[in-house]
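Structure file model-v6.pdb (PDB, C-alpha atoms and all ligand atoms) is printed below.
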ATOM      1  CA  ASP A   1      41.994-288.862-122.369
ATOM      2  CA  ARG A   2      45.711-289.210-121.699
ATOM      3  CA  LEU A   3      45.569-288.458-117.970
ATOM      4  CA  PRO A   4      45.314-292.143-116.836
ATOM      5  CA  GLU A   5      48.602-292.827-118.605
ATOM      6  CA  LEU A   6      50.226-289.793-116.943
ATOM      7  CA  LEU A   7      48.881-290.897-113.538
ATOM      8  CA  ARG A   8      50.274-294.412-114.003
ATOM      9  CA  ARG A   9      53.660-293.291-115.260
ATOM     10  CA  MET A  10      54.434-290.413-112.911
ATOM     11  CA  PRO A  11      56.938-291.083-110.112
ATOM     12  CA  LYS A  12      55.156-291.204-106.768
ATOM     13  CA  ALA A  13      55.521-292.015-103.083
ATOM     14  CA  GLU A  14      53.055-294.192-101.180
ATOM     15  CA  LEU A  15      52.535-293.069 -97.577
ATOM     16  CA  HIS A  16      49.541-295.129 -96.432
ATOM     17  CA  ILE A  17      49.858-298.841 -97.028
ATOM     18  CA  HIS A  18      49.299-301.497 -94.328
ATOM     19  CA  ILE A  19      51.564-304.343 -95.329
ATOM     20  CA  GLU A  20      49.086-306.894 -93.916
ATOM     21  CA  GLY A  21      46.494-305.313 -96.216
ATOM     22  CA  SER A  22      48.624-306.184 -99.250
ATOM     23  CA  LEU A  23      48.351-309.928 -98.632
ATOM     24  CA  GLU A  24      46.521-311.247-101.702
ATOM     25  CA  PRO A  25      44.172-314.229-101.264
ATOM     26  CA  GLU A  26      46.385-316.480-103.434
ATOM     27  CA  LEU A  27      49.441-315.879-101.233
ATOM     28  CA  MET A  28      47.283-316.182 -98.099
ATOM     29  CA  PHE A  29      46.109-319.657 -99.187
ATOM     30  CA  ALA A  30      49.669-320.693-100.135
ATOM     31  CA  MET A  31      50.910-319.658 -96.675
ATOM     32  CA  ALA A  32      47.969-321.374 -94.961
ATOM     33  CA  ALA A  33      48.902-324.612 -96.772
ATOM     34  CA  ARG A  34      52.621-324.448 -96.041
ATOM     35  CA  ASN A  35      52.083-323.459 -92.390
ATOM     36  CA  GLY A  36      49.223-325.875 -91.663
ATOM     37  CA  VAL A  37      46.838-323.014 -90.766
ATOM     38  CA  LYS A  38      43.130-323.567 -91.414
ATOM     39  CA  LEU A  39      41.272-320.619 -92.948
ATOM     40  CA  PRO A  40      37.504-320.278 -92.470
ATOM     41  CA  TYR A  41      37.077-320.148 -96.280
ATOM     42  CA  ALA A  42      37.182-323.092 -98.705
ATOM     43  CA  SER A  43      38.792-321.265-101.611
ATOM     44  CA  VAL A  44      40.282-318.032-102.932
ATOM     45  CA  ASP A  45      36.940-317.295-104.615
ATOM     46  CA  GLU A  46      34.973-317.816-101.412
ATOM     47  CA  LEU A  47      37.400-315.540 -99.553
ATOM     48  CA  ARG A  48      37.101-312.815-102.192
ATOM     49  CA  ARG A  49      33.321-313.024-101.953
ATOM     50  CA  ALA A  50      33.638-312.221 -98.224
ATOM     51  CA  TYR A  51      35.253-308.887 -99.146
ATOM     52  CA  ALA A  52      31.983-306.931 -99.005
ATOM     53  CA  PHE A  53      32.222-304.412 -96.200
ATOM     54  CA  SER A  54      29.717-302.061 -94.583
ATOM     55  CA  ASN A  55      32.125-300.040 -92.420
ATOM     56  CA  LEU A  56      35.657-300.109 -90.972
ATOM     57  CA  GLN A  57      34.951-302.772 -88.324
ATOM     58  CA  SER A  58      33.442-305.239 -90.804
ATOM     59  CA  PHE A  59      36.714-305.036 -92.741
ATOM     60  CA  LEU A  60      39.001-305.238 -89.697
ATOM     61  CA  ASP A  61      37.403-308.516 -88.537
ATOM     62  CA  ILE A  62      38.325-310.206 -91.837
ATOM     63  CA  TYR A  63      41.710-308.466 -92.108
ATOM     64  CA  TYR A  64      42.885-309.698 -88.687
ATOM     65  CA  ALA A  65      41.664-313.241 -89.485
ATOM     66  CA  GLY A  66      43.643-313.213 -92.749
ATOM     67  CA  ALA A  67      46.866-312.317 -90.918
ATOM     68  CA  SER A  68      46.706-315.639 -89.027
ATOM     69  CA  VAL A  69      48.645-317.382 -91.835
ATOM     70  CA  LEU A  70      51.774-315.273 -91.128
ATOM     71  CA  LEU A  71      54.059-317.247 -88.826
ATOM     72  CA  HIS A  72      57.674-317.271 -89.998
ATOM     73  CA  GLU A  73      60.146-314.564 -90.980
ATOM     74  CA  GLN A  74      59.946-315.793 -94.580
ATOM     75  CA  ASP A  75      56.159-315.200 -94.594
ATOM     76  CA  PHE A  76      56.647-311.545 -93.641
ATOM     77  CA  PHE A  77      59.396-311.224 -96.237
ATOM     78  CA  ASP A  78      57.279-312.794 -98.992
ATOM     79  CA  MET A  79      54.279-310.550 -98.232
ATOM     80  CA  ALA A  80      56.374-307.373 -98.283
ATOM     81  CA  TRP A  81      58.350-308.445-101.351
ATOM     82  CA  ALA A  82      55.139-309.043-103.303
ATOM     83  CA  TYR A  83      53.925-305.537-102.380
ATOM     84  CA  LEU A  84      57.247-303.897-103.259
ATOM     85  CA  GLN A  85      57.302-305.507-106.710
ATOM     86  CA  ARG A  86      53.729-304.347-107.261
ATOM     87  CA  ALA A  87      54.679-300.846-106.076
ATOM     88  CA  ARG A  88      57.588-300.742-108.544
ATOM     89  CA  ALA A  89      55.146-301.564-111.359
ATOM     90  CA  ASP A  90      53.105-298.462-110.328
ATOM     91  CA  ASN A  91      56.277-296.310-110.360
ATOM     92  CA  VAL A  92      56.281-295.955-106.574
ATOM     93  CA  LEU A  93      59.843-294.813-105.793
ATOM     94  CA  ARG A  94      59.316-294.394-102.054
ATOM     95  CA  ALA A  95      57.040-296.237 -99.617
ATOM     96  CA  ASP A  96      56.428-295.482 -95.929
ATOM     97  CA  ILE A  97      55.013-298.899 -94.936
ATOM     98  CA  PHE A  98      52.764-299.566 -91.902
ATOM     99  CA  PHE A  99      52.867-302.832 -90.010
ATOM    100  CA  ASP A 100      50.706-304.029 -87.088
ATOM    101  CA  PRO A 101      52.986-306.029 -84.745
ATOM    102  CA  GLN A 102      50.280-306.625 -82.121
ATOM    103  CA  THR A 103      48.250-308.655 -84.636
ATOM    104  CA  HIS A 104      51.164-311.097 -84.682
ATOM    105  CA  THR A 105      52.672-310.951 -81.177
ATOM    106  CA  ALA A 106      49.185-311.690 -79.770
ATOM    107  CA  ARG A 107      49.385-315.050 -81.635
ATOM    108  CA  GLY A 108      52.815-315.863 -80.215
ATOM    109  CA  VAL A 109      54.891-314.624 -83.174
ATOM    110  CA  ALA A 110      58.043-312.881 -81.940
ATOM    111  CA  MET A 111      58.538-309.163 -82.671
ATOM    112  CA  GLY A 112      61.893-309.998 -84.291
ATOM    113  CA  THR A 113      60.262-312.452 -86.709
ATOM    114  CA  VAL A 114      57.907-309.723 -87.948
ATOM    115  CA  VAL A 115      60.389-306.854 -88.127
ATOM    116  CA  ASN A 116      63.301-308.825 -89.574
ATOM    117  CA  GLY A 117      61.234-310.316 -92.405
ATOM    118  CA  LEU A 118      59.736-306.956 -93.394
ATOM    119  CA  TYR A 119      63.052-305.130 -93.041
ATOM    120  CA  ARG A 120      64.899-307.633 -95.247
ATOM    121  CA  ALA A 121      62.323-307.096 -98.021
ATOM    122  CA  CYS A 122      62.779-303.299 -97.751
ATOM    123  CA  ARG A 123      66.561-303.643 -97.990
ATOM    124  CA  GLN A 124      66.321-305.909-101.026
ATOM    125  CA  ALA A 125      63.861-303.505-102.704
ATOM    126  CA  ARG A 126      66.444-300.742-102.568
ATOM    127  CA  THR A 127      69.120-302.770-104.368
ATOM    128  CA  GLU A 128      66.986-304.893-106.711
ATOM    129  CA  LEU A 129      63.980-302.653-107.507
ATOM    130  CA  GLY A 130      65.168-299.105-106.884
ATOM    131  CA  VAL A 131      62.297-298.637-104.427
ATOM    132  CA  ASP A 132      63.167-296.813-101.205
ATOM    133  CA  ALA A 133      61.001-298.306 -98.434
ATOM    134  CA  GLU A 134      60.972-297.885 -94.653
ATOM    135  CA  LEU A 135      58.719-299.176 -91.877
ATOM    136  CA  ILE A 136      56.261-297.454 -89.515
ATOM    137  CA  LEU A 137      55.072-299.450 -86.495
ATOM    138  CA  CYS A 138      51.363-299.008 -85.801
ATOM    139  CA  PHE A 139      49.690-299.402 -82.418
ATOM    140  CA  LEU A 140      46.223-300.966 -82.457
ATOM    141  CA  ARG A 141      43.984-298.356 -80.853
ATOM    142  CA  HIS A 142      41.314-300.851 -79.726
ATOM    143  CA  LEU A 143      43.961-302.287 -77.359
ATOM    144  CA  SER A 144      45.149-300.550 -74.175
ATOM    145  CA  GLU A 145      47.801-297.935 -73.506
ATOM    146  CA  ALA A 146      49.710-300.540 -71.453
ATOM    147  CA  GLU A 147      49.735-302.942 -74.427
ATOM    148  CA  ALA A 148      51.058-300.163 -76.661
ATOM    149  CA  PHE A 149      53.876-299.422 -74.170
ATOM    150  CA  ASP A 150      54.652-303.144 -74.007
ATOM    151  CA  THR A 151      54.796-303.328 -77.822
ATOM    152  CA  LEU A 152      57.113-300.320 -77.965
ATOM    153  CA  GLU A 153      59.444-301.972 -75.457
ATOM    154  CA  GLN A 154      59.518-305.188 -77.502
ATOM    155  CA  ALA A 155      60.352-303.162 -80.600
ATOM    156  CA  LEU A 156      63.214-301.147 -79.090
ATOM    157  CA  PRO A 157      65.888-303.770 -79.834
ATOM    158  CA  HIS A 158      64.877-303.167 -83.492
ATOM    159  CA  ARG A 159      64.877-299.364 -83.247
ATOM    160  CA  ASP A 160      67.155-299.071 -86.303
ATOM    161  CA  LYS A 161      64.670-300.964 -88.519
ATOM    162  CA  PHE A 162      61.655-298.626 -88.264
ATOM    163  CA  ILE A 163      61.406-294.867 -88.616
ATOM    164  CA  GLY A 164      58.143-293.974 -86.938
ATOM    165  CA  VAL A 165      54.903-294.969 -85.266
ATOM    166  CA  GLY A 166      51.263-294.813 -86.293
ATOM    167  CA  LEU A 167      47.841-295.532 -84.808
ATOM    168  CA  ASP A 168      45.255-297.679 -86.572
ATOM    169  CA  SER A 169      42.313-300.111 -86.121
ATOM    170  CA  SER A 170      38.832-299.210 -84.746
ATOM    171  CA  GLU A 171      38.687-295.421 -84.605
ATOM    172  CA  VAL A 172      35.369-294.396 -83.047
ATOM    173  CA  GLY A 173      35.525-294.775 -79.248
ATOM    174  CA  HIS A 174      39.331-294.870 -79.256
ATOM    175  CA  PRO A 175      40.378-291.198 -79.536
ATOM    176  CA  PRO A 176      44.012-290.175 -79.975
ATOM    177  CA  GLU A 177      44.311-288.931 -76.370
ATOM    178  CA  LYS A 178      44.242-292.566 -75.188
ATOM    179  CA  PHE A 179      47.823-292.774 -76.533
ATOM    180  CA  ALA A 180      49.185-289.317 -75.602
ATOM    181  CA  ARG A 181      51.785-290.716 -73.179
ATOM    182  CA  VAL A 182      52.894-293.431 -75.624
ATOM    183  CA  TYR A 183      53.400-290.808 -78.337
ATOM    184  CA  ALA A 184      55.314-288.525 -75.936
ATOM    185  CA  LYS A 185      57.725-291.403 -75.337
ATOM    186  CA  CYS A 186      58.047-292.103 -79.086
ATOM    187  CA  ARG A 187      58.782-288.423 -79.652
ATOM    188  CA  GLU A 188      61.616-288.579 -77.104
ATOM    189  CA  LEU A 189      62.983-291.556 -79.033
ATOM    190  CA  GLY A 190      63.150-289.455 -82.200
ATOM    191  CA  LEU A 191      60.522-291.458 -84.067
ATOM    192  CA  HIS A 192      58.319-289.943 -86.754
ATOM    193  CA  LEU A 193      54.682-289.653 -85.610
ATOM    194  CA  VAL A 194      51.491-290.211 -87.636
ATOM    195  CA  ALA A 195      47.956-291.374 -86.734
ATOM    196  CA  HIS A 196      44.747-292.418 -88.452
ATOM    197  CA  ALA A 197      42.152-289.739 -87.673
ATOM    198  CA  GLY A 198      38.971-288.520 -89.322
ATOM    199  CA  GLU A 199      38.396-291.703 -91.346
ATOM    200  CA  GLU A 200      35.055-292.516 -89.665
ATOM    201  CA  GLY A 201      35.747-290.448 -86.556
ATOM    202  CA  PRO A 202      34.952-286.751 -86.034
ATOM    203  CA  PRO A 203      37.144-283.688 -86.736
ATOM    204  CA  ALA A 204      37.790-283.566 -82.962
ATOM    205  CA  TYR A 205      40.004-286.647 -83.363
ATOM    206  CA  VAL A 206      42.089-284.841 -85.986
ATOM    207  CA  TRP A 207      42.520-281.890 -83.617
ATOM    208  CA  THR A 208      43.706-284.139 -80.761
ATOM    209  CA  ALA A 209      46.015-286.121 -83.044
ATOM    210  CA  LEU A 210      47.661-282.795 -83.936
ATOM    211  CA  ASP A 211      47.625-281.071 -80.543
ATOM    212  CA  LEU A 212      48.095-283.993 -78.114
ATOM    213  CA  LEU A 213      49.952-286.620 -80.146
ATOM    214  CA  LYS A 214      51.846-283.989 -82.191
ATOM    215  CA  VAL A 215      51.669-286.015 -85.392
ATOM    216  CA  GLU A 216      53.370-284.859 -88.591
ATOM    217  CA  ARG A 217      50.712-286.295 -90.947
ATOM    218  CA  ILE A 218      47.093-287.395 -90.647
ATOM    219  CA  ASP A 219      46.117-290.755 -92.154
ATOM    220  CA  HIS A 220      42.775-290.364 -93.987
ATOM    221  CA  GLY A 221      41.537-287.103 -92.412
ATOM    222  CA  VAL A 222      38.673-286.827 -94.901
ATOM    223  CA  GLN A 223      36.188-285.831 -92.176
ATOM    224  CA  SER A 224      38.208-282.604 -91.702
ATOM    225  CA  SER A 225      36.128-280.906 -94.404
ATOM    226  CA  LYS A 226      33.285-280.677 -91.841
ATOM    227  CA  ASP A 227      35.316-278.197 -89.744
ATOM    228  CA  PRO A 228      36.472-274.956 -91.448
ATOM    229  CA  ALA A 229      38.824-274.025 -88.577
ATOM    230  CA  LEU A 230      40.493-277.428 -88.867
ATOM    231  CA  MET A 231      40.854-276.999 -92.630
ATOM    232  CA  GLU A 232      42.645-273.704 -91.982
ATOM    233  CA  ARG A 233      44.951-275.339 -89.411
ATOM    234  CA  LEU A 234      45.873-278.199 -91.791
ATOM    235  CA  LYS A 235      46.575-275.706 -94.553
ATOM    236  CA  GLN A 236      48.609-273.281 -92.433
ATOM    237  CA  ASP A 237      50.784-276.017 -90.912
ATOM    238  CA  ARG A 238      51.021-277.938 -94.211
ATOM    239  CA  ILE A 239      49.920-281.152 -92.487
ATOM    240  CA  ALA A 240      49.630-283.858 -95.143
ATOM    241  CA  LEU A 241      46.521-286.044 -95.401
ATOM    242  CA  THR A 242      47.176-289.579 -96.674
ATOM    243  CA  VAL A 243      43.840-290.146 -98.408
ATOM    244  CA  CYS A 244      42.757-293.581 -99.684
ATOM    245  CA  PRO A 245      39.851-293.229-102.148
ATOM    246  CA  LEU A 246      39.073-296.900-102.866
ATOM    247  CA  SER A 247      39.288-297.710 -99.139
ATOM    248  CA  ASN A 248      36.794-294.939 -98.370
ATOM    249  CA  LEU A 249      34.506-296.296-101.094
ATOM    250  CA  LYS A 250      34.707-299.954 -99.948
ATOM    251  CA  LEU A 251      34.229-299.033 -96.263
ATOM    252  CA  CYS A 252      31.251-296.821 -97.135
ATOM    253  CA  VAL A 253      32.827-293.561 -95.909
ATOM    254  CA  PHE A 254      31.486-292.082 -99.173
ATOM    255  CA  PRO A 255      28.547-293.725-100.986
ATOM    256  CA  LYS A 256      30.148-293.296-104.433
ATOM    257  CA  LEU A 257      33.621-292.376-105.627
ATOM    258  CA  ALA A 258      32.016-289.382-107.361
ATOM    259  CA  ASP A 259      31.082-288.101-103.880
ATOM    260  CA  HIS A 260      34.674-288.274-102.621
ATOM    261  CA  ASN A 261      36.014-284.956-101.301
ATOM    262  CA  LEU A 262      39.691-285.391-102.298
ATOM    263  CA  LYS A 263      39.498-282.788-105.039
ATOM    264  CA  GLN A 264      37.881-280.255-102.668
ATOM    265  CA  LEU A 265      40.594-280.867-100.047
ATOM    266  CA  LEU A 266      43.293-280.417-102.694
ATOM    267  CA  GLU A 267      41.706-277.268-104.129
ATOM    268  CA  ALA A 268      41.414-275.852-100.594
ATOM    269  CA  GLY A 269      45.222-275.909-100.558
ATOM    270  CA  LEU A 270      45.770-278.924 -98.298
ATOM    271  CA  ALA A 271      48.756-281.255 -98.757
ATOM    272  CA  VAL A 272      46.654-284.174 -99.985
ATOM    273  CA  THR A 273      48.142-287.482-101.181
ATOM    274  CA  VAL A 274      46.595-290.567-102.830
ATOM    275  CA  ASN A 275      47.279-294.014-101.332
ATOM    276  CA  SER A 276      46.000-297.592-101.337
ATOM    277  CA  ASP A 277      45.529-298.456 -97.576
ATOM    278  CA  ASP A 278      44.792-302.220 -97.943
ATOM    279  CA  PRO A 279      45.000-302.911-101.684
ATOM    280  CA  ALA A 280      44.389-306.683-101.520
ATOM    281  CA  TYR A 281      41.036-306.010 -99.809
ATOM    282  CA  PHE A 282      39.850-302.849-101.560
ATOM    283  CA  GLY A 283      40.305-303.840-105.188
ATOM    284  CA  GLY A 284      43.278-301.784-106.271
ATOM    285  CA  TYR A 285      46.834-300.607-105.793
ATOM    286  CA  ILE A 286      47.915-296.954-105.856
ATOM    287  CA  ASN A 287      47.548-296.437-109.616
ATOM    288  CA  ASP A 288      44.042-297.932-109.526
ATOM    289  CA  ASN A 289      43.232-295.356-106.830
ATOM    290  CA  PHE A 290      44.520-292.511-109.019
ATOM    291  CA  VAL A 291      42.784-293.689-112.205
ATOM    292  CA  GLN A 292      39.420-294.589-110.659
ATOM    293  CA  LEU A 293      39.368-291.307-108.744
ATOM    294  CA  HIS A 294      40.069-289.453-111.980
ATOM    295  CA  GLU A 295      37.285-291.328-113.770
ATOM    296  CA  ALA A 296      34.874-290.397-110.952
ATOM    297  CA  VAL A 297      35.741-286.751-110.233
ATOM    298  CA  GLY A 298      37.851-285.583-113.201
ATOM    299  CA  LEU A 299      41.389-284.717-112.179
ATOM    300  CA  THR A 300      43.563-282.406-114.296
ATOM    301  CA  ALA A 301      47.264-282.673-115.122
ATOM    302  CA  GLN A 302      47.846-279.900-112.561
ATOM    303  CA  HIS A 303      46.082-281.998-109.867
ATOM    304  CA  ALA A 304      48.209-285.004-110.845
ATOM    305  CA  TYR A 305      51.415-283.019-110.593
ATOM    306  CA  GLN A 306      50.441-281.556-107.208
ATOM    307  CA  LEU A 307      49.473-284.979-105.796
ATOM    308  CA  ALA A 308      52.775-286.546-106.896
ATOM    309  CA  ARG A 309      54.777-283.637-105.526
ATOM    310  CA  ASN A 310      52.846-283.704-102.228
ATOM    311  CA  SER A 311      53.617-287.408-101.857
ATOM    312  CA  PHE A 312      57.388-286.888-101.932
ATOM    313  CA  GLU A 313      57.231-283.700 -99.862
ATOM    314  CA  ALA A 314      55.217-285.403 -97.094
ATOM    315  CA  SER A 315      57.223-288.643 -97.156
ATOM    316  CA  PHE A 316      59.838-289.492 -94.550
ATOM    317  CA  ALA A 317      62.355-290.217 -97.308
ATOM    318  CA  PRO A 318      65.933-289.007 -96.889
ATOM    319  CA  PRO A 319      66.430-285.407 -98.152
ATOM    320  CA  GLU A 320      68.400-286.490-101.264
ATOM    321  CA  LEU A 321      65.430-288.482-102.569
ATOM    322  CA  LYS A 322      62.826-285.839-101.631
ATOM    323  CA  GLN A 323      64.772-283.050-103.279
ATOM    324  CA  ARG A 324      64.876-284.933-106.555
ATOM    325  CA  TYR A 325      61.054-284.745-106.814
ATOM    326  CA  VAL A 326      59.856-281.578-105.025
TER     327      VAL A 326
HETATM  328  N1  LIG B 401      44.054-301.044 -90.499
HETATM  329  C1  LIG B 401      44.188-301.360 -91.781
HETATM  330  N2  LIG B 401      43.494-300.511 -92.562
HETATM  331  C2  LIG B 401      42.920-299.615 -91.718
HETATM  332  C3  LIG B 401      42.083-298.490 -91.887
HETATM  333  N3  LIG B 401      41.668-298.090 -93.093
HETATM  334  N4  LIG B 401      41.673-297.825 -90.797
HETATM  335  C4  LIG B 401      42.061-298.219 -89.589
HETATM  336  N5  LIG B 401      42.837-299.262 -89.360
HETATM  337  C5  LIG B 401      43.275-299.960 -90.419
HETATM  338 ZN    ZN B 402      44.951-297.209 -92.996
END
As structure tokens, the full file:
Amino acid sequence: DRLPELLRRMPKAELHIHIEGSLEPELMFAMAARNGVKLPYASVDELRRAYAFSNLQSFLDIYYAGASVLLHEQDFFDMAWAYLQRARADNVLRADIFFDPQTHTARGVAMGTVVNGLYRACRQARTELGVDAELILCFLRHLSEAEAFDTLEQALPHRDKFIGVGLDSSEVGHPPEKFARVYAKCRELGLHLVAHAGEEGPPAYVWTALDLLKVERIDHGVQSSKDPALMERLKQDRIALTVCPLSNLKLCVFPKLADHNLKQLLEAGLAVTVNSDDPAYFGGYINDNFVQLHEAVGLTAQHAYQLARNSFEASFAPPELKQRYV
């Protein structure tokens, strides 16, 4: 079977990666030591053993605790640089990278510290790795609309260092419409718009992300297969889904990878992409997602080609880069 090698080697774009979810336990412990932060785990091994999740919230609790080691601009740089090198090794030529500023500003870290460290890593990746990477600011949906507006205001002095906004964290109980006015403002500012929807939440959340937030892509969106009218809408409008197979497995969205619906979504004509979400927590980077999915559901070379092409087409890369690959 030569498909794993093709999947690993093909040029690809990654559109769903939370930079805080790329922080490997070894780097987390190194930062904890240098910053004098105490982690509630004695060792890297003990921390890794805690990575056994039953749903999204059980993961988020540990993920937000892990981010507590990030204090200085250099910490944000080092985390992003480690991811970008890893992405290069997977032949990722473009990355649209999520970050969660509220996880840091709530601990007293300045917005500029976060954005400047991440942005410097993206700039260096372009010159030293040939990876084109840009940032998407995510609002935490378990927090209020007012806190999202406040975060946007803090980020505006850095408007030139991020290209869009997203919506992440606890989905059920925090529907997209909670942030309709925030997204309207972001739209006026010319920002790209995406949102997590239909990860654990119902198809209704995908509908409102599209119709009320006016997003250009849906992050996850795997629950859309429960609603035929929604499937038709996603297909007609060529709305990309940034699907994350190993994340869905580890957060028990599907009981087994063999039960994952990515191939059905793709064969229904949707603009599906494969992504890693939080690779340090879910046991694999983007190529691991491709290869393990293939081993579970049997992808073909045609599927591989379509997934790679979709990833560039749906990316927010500059037209020159997109046109080279679509
Ligand atoms: N934050 C990081 N990963 C996430 C996910 N899979 N869903 C929602 N919020 C997240
Ligand atoms: Zn995500």
May I have the residues within 7 Å of Pro25 in chain A as a list in words, using all atoms listed in the file and disregarding those fewer than 3 positions away in the same chain?
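Close residues of Pro25 in chain A: Met28, Phe29 and Val44 of chain A.
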Check the smallest atom-to-atom distance from each of A:Glu153, A:Glu14, A:Glu313, A:Glu188 to Thr242 in chain A using all atoms listed in the file, then report the winner.
A:Glu14
Given the point (42.8, -309.9, -92.1) in the file's coordinates, find the residues that have an atom at most 12 Å from it, counting only C-alpha atoms, and give them as a PyMOL selection string.
chain A and resi 18-25+28+39-40+47-48+50-51+57-70+100+103-104+169+278+280-281
Distance in Å - CA of Arg120 in chain A versus CA of Leu241 in chain A
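The value is 28.4 Å.
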Which of these residues is nearest to ligand LIG 401 (chain B), using all atoms listed in the file: A:Glu267, A:Asp168, A:Glu200, A:Asp160?
A:Asp168
Once 6 Å is added on each side, what are the centre and the three edge lengths, in Å to one decimal, of the axis-aligned box enclosing the listed atoms of ligand LIG 401 (chain B)? Present them as JSON.
{"center_x": 42.9, "center_y": -299.6, "center_z": -91.2, "size_x": 14.5, "size_y": 15.5, "size_z": 15.7}
Name the residues in contact with Glu199 in chain A at a cut-off of 9 Å, using all atoms listed in the file, excluding same-chain residues fewer than 3 positions from it; report them as a list in words.
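These residues fall inside the cut-off: Leu56, Glu171, His196, Pro202, Asp219, His220, Gly221, Val222, Gln223, Asn248 and Val253 of chain A.
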Translate the PyMOL selection byres (((chain A and resi 81-87) around 10) and not hetatm) into a concrete residue list for this structure, as an MDAnalysis selection string.
chainID A and resid 12:14 17 19:24 27 75:80 88:95 97 117:118 120:122 124:126 128:133 279:280 285:287
Identify the residues around (39.0, -297.7, -104.1) within a radius of 12 Å, measuring from all atoms listed in the file in the coordinates stated by the file, and give them as a PyMOL selection string.
chain A and resi 243-258+260+274-296
Can you write out the residues you just picked, keeping C-alpha atoms, as a short mmCIF file (atom, residue, chain, number, x, y, z; two decimals), in the frame of the given file?
data_model
loop_
_atom_site.label_atom_id
_atom_site.label_comp_id
_atom_site.auth_asym_id
_atom_site.auth_seq_id
_atom_site.Cartn_x
_atom_site.Cartn_y
_atom_site.Cartn_z
CA VAL A 243 43.84 -290.15 -98.41
CA CYS A 244 42.76 -293.58 -99.68
CA PRO A 245 39.85 -293.23 -102.15
CA LEU A 246 39.07 -296.90 -102.87
CA SER A 247 39.29 -297.71 -99.14
CA ASN A 248 36.79 -294.94 -98.37
CA LEU A 249 34.51 -296.30 -101.09
CA LYS A 250 34.71 -299.95 -99.95
CA LEU A 251 34.23 -299.03 -96.26
CA CYS A 252 31.25 -296.82 -97.14
CA VAL A 253 32.83 -293.56 -95.91
CA PHE A 254 31.49 -292.08 -99.17
CA PRO A 255 28.55 -293.73 -100.99
CA LYS A 256 30.15 -293.30 -104.43
CA LEU A 257 33.62 -292.38 -105.63
CA ALA A 258 32.02 -289.38 -107.36
CA HIS A 260 34.67 -288.27 -102.62
CA VAL A 274 46.60 -290.57 -102.83
CA ASN A 275 47.28 -294.01 -101.33
CA SER A 276 46.00 -297.59 -101.34
CA ASP A 277 45.53 -298.46 -97.58
CA ASP A 278 44.79 -302.22 -97.94
CA PRO A 279 45.00 -302.91 -101.68
CA ALA A 280 44.39 -306.68 -101.52
CA TYR A 281 41.04 -306.01 -99.81
CA PHE A 282 39.85 -302.85 -101.56
CA GLY A 283 40.30 -303.84 -105.19
CA GLY A 284 43.28 -301.78 -106.27
CA TYR A 285 46.83 -300.61 -105.79
CA ILE A 286 47.92 -296.95 -105.86
CA ASN A 287 47.55 -296.44 -109.62
CA ASP A 288 44.04 -297.93 -109.53
CA ASN A 289 43.23 -295.36 -106.83
CA PHE A 290 44.52 -292.51 -109.02
CA VAL A 291 42.78 -293.69 -112.20
CA GLN A 292 39.42 -294.59 -110.66
CA LEU A 293 39.37 -291.31 -108.74
CA HIS A 294 40.07 -289.45 -111.98
CA GLU A 295 37.28 -291.33 -113.77
CA ALA A 296 34.87 -290.40 -110.95
#
Which of these residues is nearest to Gln302 in chain A, using all atoms listed in the file: A:Leu3, A:Leu152, A:Val114, A:Val326?
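Ranked by minimum distance to Gln302 in chain A, first place goes to A:Leu3.
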Closest of A:Glu216, A:Glu177, A:Glu320, A:Glu232 to Gly269 in chain A - atom-to-atom distances counting only C-alpha atoms:
A:Glu232
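Residues lying within 8 Å of Ala301 in chain A, counting all atoms listed in the file and ignoring same-chain neighbours fewer than 2 positions away, are Leu3, Leu6, Leu299, His303, Ala304 and Tyr305 of chain A.
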CA of Phe316 in chain A to CA of Asp96 in chain A: how many Å, to one decimal?
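Rounded to one decimal, the two atoms are 7.0 Å apart.
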Separation of CA of His174 in chain A from atom N2 of ligand LIG 401 (chain B) in Å:
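Rounded to one decimal, the two atoms are 15.0 Å apart.
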Neighbours of Ala229 in chain A within 12 Å (all atoms listed in the file; same-chain residues fewer than 6 positions away dropped), as a ChimeraX atom specification?
/A:203-204,206-207,235-236
Hey, which of A:Cys186, A:Ala33, A:Leu140, A:Leu212 ends up closest to ligand LIG 401 (chain B)? Count all atoms listed in the file.
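Of A:Cys186, A:Ala33, A:Leu140, A:Leu212, the one nearest ligand LIG 401 (chain B) is A:Leu140, counting all atoms listed in the file.
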Using all atoms listed in the file, pick whichever of A:Ser54, A:Thr208, A:Glu73, A:Gln264 has the shortest atom-to-atom distance to Lys226 in chain A.
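Among A:Ser54, A:Thr208, A:Glu73, A:Gln264, it is A:Gln264 that comes nearest to Lys226 in chain A.
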Can you pull out every residue within 12 Å of Lys185 in chain A, counting only C-alpha atoms, but drop anything in the same chain fewer than 3 positions away, and send it as a list in words?
Ala148, Phe149, Leu152, Glu153, Leu156, Gly164, Val165, Phe179, Ala180, Arg181, Val182, Glu188, Leu189, Gly190, Leu191, His192, Leu193, Leu213 and Lys214 of chain A
Under the PyMOL selection byres (((chain A and resi 110) around 12) and not hetatm), which residues of this model are included? Write them out as an NGL selection string.
:A and (70-73 or 76 or 101-109 or 111-117 or 151 or 154-155 or 158)
